[in-house]
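Below is one structure; the comments refer to it alone.
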Amino acid sequence: MLGLGNTLTASDPIEGIIQLGTFTGFIFVGSPNDENVTVALAYSDTAINSAFNIDGVSEGEKTSGTLTLTVTRLDSGGNPVAGATTTGEVYGYKGGAGVVYISDTDQSSFDVAGGDSDFNASGAALIDITSFGDVTDITDNSVSTSNYTATVTLTAPGYTSASVQSSGSINLNTA
Amino acid sequence: MATRIKLGFIADGNTNEAKVASKPSKGSNTNSFTQATASKKPTSKSRGNAHSTLSPALTSVSCDGTNVMSLASTESISPISTGYTMICAWTNGDYTNDTWLISGTSNDAHWGIKAGGADVIFKADGSKAAAGERDYPINSTANSTTSYTFGSDVEMIAMVVDSTSFPAVADIYNIDGDKIADAAAVNVNGISSTFPIDHVLGKSDGTLGLNGDIIDIEVFNEALPLHIIQGKGSTYKSLKD
């Protein structure tokens, strides 16, 4: 119990909270279907590897950790378009070494290698930004191509959070 | 306005080292580019086996300069009607020979890169001298904002051609969204003619092909604005390992 005249100091990091490193790559690119985009994270940080609990997880299986993805459509001047930001529930799936794919499809696993799998052929296990999240549709159907920024944040119990952002043009062929 | 041809190679599920016989377009043209001759088929690189300049999350298709894939029916685009934009992205490029990226059977019309990687080349669909192959240097700022030479890392070229009004526009951009050539300013001959698309990756006979790993080929029947070209470049940069 602290009494008058006593000083409380905290000189050490909070025990048990592990610092996550940074992602080395963030891919957000329209492929392979018109309405879907491929979202992938690359990393080499061992703490991120642990936060995803990758070890022992087979390729294509869902990983641990909570991912938040925010996608924003930009206007011709690079400014965010009002009401065009959406955040939703997303899931990470293990790819090859140091790679996690993100999907809005909650399933135990999907085939990341098969030529006819949803992931490769129909894009069903990727992110559909025309219906993703809490906004009906952030795309602009009056044009074939728009610029977007995307930010993903990984949170996991016992770890700090790690974020990475990417920007680029997505051709959804919605015109 | 729409994407006429869309060929993406970074999320293919093909077996590593498999020869690619058919690649369906995801644009408004949904036909497949095909190749029946084994020696002219490009080679799939699965995830983890794509070129080292690319993220291990991606696939690619490797070309050795002798590959070509073709449509059964010509896709024609007229810059007088709507303008057009052609975008190609690749990596690991070798420019020892001329590289025809997109071409037509009629009169060997083509857009490509001249040997050395410091010029863009264009030939219109015509048999007369005015339709001969044109050479647009990119390693100077004579008609552009940036001097550039294509290298072995991830590259993009965008040809934006618009003849819907006078004067015609034929601007060429790199992966940074920099204007590296102005084909209309250098030589406007043939620019406004209808361009026939029959082949990608090389000439129909399997010569003058891309020697590198193809990432994307897209053709739009619209002159894309600069901010979209820049966005495309940013996207391709994000694919680097």
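Chain labels follow the order of the structure tokens: the first chain is A, the next B, and so on; residue numbering restarts at 1 in every chain, and ligands are counted from 1 in their shown order.
Note that DSSP on the backbone gives helix (DSSP H, G or I) to these residues of region 17-128 of chain A: Thr46, Ala47, Ile48, Asn49, Ser50, Ala51, Asp118, Phe119, Asn120, Ala121 and Ser122 of chain A.
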Distance filter 10 Å, only C-alpha atoms, chain B against chain A, as a PyMOL selection string: chain B and resi 1-4+6-15+26-28+46-48+55-58+218+220+222+224-241
Ser192 (chain B) environment, 8 Å, only C-alpha atoms, sequence neighbours closer than 3 positions dropped, as a ChimeraX atom specification: /B:78-80,161-163,168,188-189
Just-selected residues, N, CA and C atoms written as a short mmCIF file (atom, residue, chain, number, x, y, z; two decimals), in the first residue's frame:
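In the end it all went to selection.cif:
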data_model
loop_
_atom_site.label_atom_id
_atom_site.label_comp_id
_atom_site.auth_asym_id
_atom_site.auth_seq_id
_atom_site.Cartn_x
_atom_site.Cartn_y
_atom_site.Cartn_z
N SER B 78 -8.93 0.57 -80.68
CA SER B 78 -8.80 1.78 -81.48
C SER B 78 -8.62 3.00 -80.60
N PRO B 79 -7.47 3.65 -80.67
CA PRO B 79 -7.26 4.85 -79.84
C PRO B 79 -8.09 6.03 -80.30
N ILE B 80 -8.64 5.94 -81.50
CA ILE B 80 -9.51 7.02 -81.97
C ILE B 80 -10.88 6.93 -81.30
N VAL B 161 -2.23 5.60 -74.89
CA VAL B 161 -2.44 6.17 -76.23
C VAL B 161 -3.87 6.67 -76.34
N ASP B 162 -4.01 7.92 -76.72
CA ASP B 162 -5.34 8.53 -76.81
C ASP B 162 -5.39 9.44 -78.03
N SER B 163 -6.15 9.04 -79.03
CA SER B 163 -6.31 9.84 -80.24
C SER B 163 -7.75 10.31 -80.39
N ALA B 168 -2.79 13.86 -80.73
CA ALA B 168 -2.82 12.54 -80.11
C ALA B 168 -1.83 12.47 -78.96
N VAL B 188 4.73 10.50 -84.54
CA VAL B 188 3.34 10.16 -84.30
C VAL B 188 2.79 9.19 -85.35
N ASN B 189 3.60 8.89 -86.36
CA ASN B 189 3.10 8.02 -87.43
C ASN B 189 2.59 6.68 -86.90
#
Strand (DSSP E) positions in region 94-161 of chain A, given as a PyMOL selection string: chain A and resi 94+99-103+145-155
Taking C-alpha atoms for each residue, export the selection above as a PDB file, in the first residue's frame.
ATOM      1  CA  LYS A  94       0.060 -20.043 -43.609  1.00  0.00           C
ATOM      2  CA  VAL A  99       4.460 -15.748 -45.597  1.00  0.00           C
ATOM      3  CA  VAL A 100       0.888 -15.439 -44.329  1.00  0.00           C
ATOM      4  CA  TYR A 101      -2.116 -14.904 -46.598  1.00  0.00           C
ATOM      5  CA  ILE A 102      -5.136 -13.016 -45.333  1.00  0.00           C
ATOM      6  CA  SER A 103      -8.687 -13.992 -46.094  1.00  0.00           C
ATOM      7  CA  THR A 145      -9.439   1.041 -61.618  1.00  0.00           C
ATOM      8  CA  SER A 146      -8.893   2.903 -58.367  1.00  0.00           C
ATOM      9  CA  ASN A 147      -6.037   3.453 -55.978  1.00  0.00           C
ATOM     10  CA  TYR A 148      -6.279   2.078 -52.467  1.00  0.00           C
ATOM     11  CA  THR A 149      -4.247   1.961 -49.322  1.00  0.00           C
ATOM     12  CA  ALA A 150      -4.392  -1.020 -47.046  1.00  0.00           C
ATOM     13  CA  THR A 151      -3.206  -1.373 -43.488  1.00  0.00           C
ATOM     14  CA  VAL A 152      -3.060  -4.589 -41.541  1.00  0.00           C
ATOM     15  CA  THR A 153      -2.444  -4.934 -37.822  1.00  0.00           C
ATOM     16  CA  LEU A 154      -1.560  -8.127 -36.014  1.00  0.00           C
ATOM     17  CA  THR A 155      -2.473  -8.498 -32.366  1.00  0.00           C
TER      18      THR A 155
END
Selection near Thr139 (chain A), 8 Å with only C-alpha atoms, sequence-local residues under 4 positions removed, as a ChimeraX atom specification: /A:73,84,129-130,146
Two-atom distance - CA of Thr22 (chain A), CA of Asp104 (chain A) (Å):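 Separating CA of Thr22 (chain A) from CA of Asp104 (chain A) is a distance of 22.6 Å.
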Atomic separation - CA of Ala109 (chain B) relative to CA of Ile138 (chain B), Å: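 So the answer is 20.3 Å.
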Atomic distance CA of Thr46 (chain A) - CA of Ile17 (chain A), expressed in Å with one decimal: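 Computing the Euclidean distance for CA of Thr46 (chain A) and CA of Ile17 (chain A) yields 14.5 Å.
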Pick from B:Ser140, B:Ser76, B:Asn187, B:Thr145, whichever lies nearest to Val219 (chain B) using only C-alpha atoms: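 When distances to Val219 (chain B) are compared using only C-alpha atoms, the smallest one comes from B:Ser76.
Nearest residue to Leu101 (chain B) among B:Leu210, B:Ile215, B:Ile157, B:Ile180 is B:Leu210, counting only C-alpha atoms.
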Please provide the set of residues having any atom within 6 Å of Thr43 (chain B), restricted to only C-alpha atoms, with same-chain residues fewer than 6 positions apart removed, written as a CSV table (one decimal) with C-alpha atoms, in the first residue's frame.
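And here is the file that came out, result24.csv:
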chain,number,residue,atom,x,y,z
B,17,GLU,CA,8.4,-26.0,-63.8
B,18,ALA,CA,5.1,-27.0,-65.6
B,19,LYS,CA,4.8,-25.7,-69.1
B,20,VAL,CA,2.0,-23.2,-69.6
B,61,VAL,CA,6.0,-17.5,-65.3
B,62,SER,CA,9.5,-17.7,-66.6
B:Lys179, B:Arg134, B:Lys23, B:Lys41 ranked by distance to Val120 (chain B), top pick (using only C-alpha atoms): B:Arg134
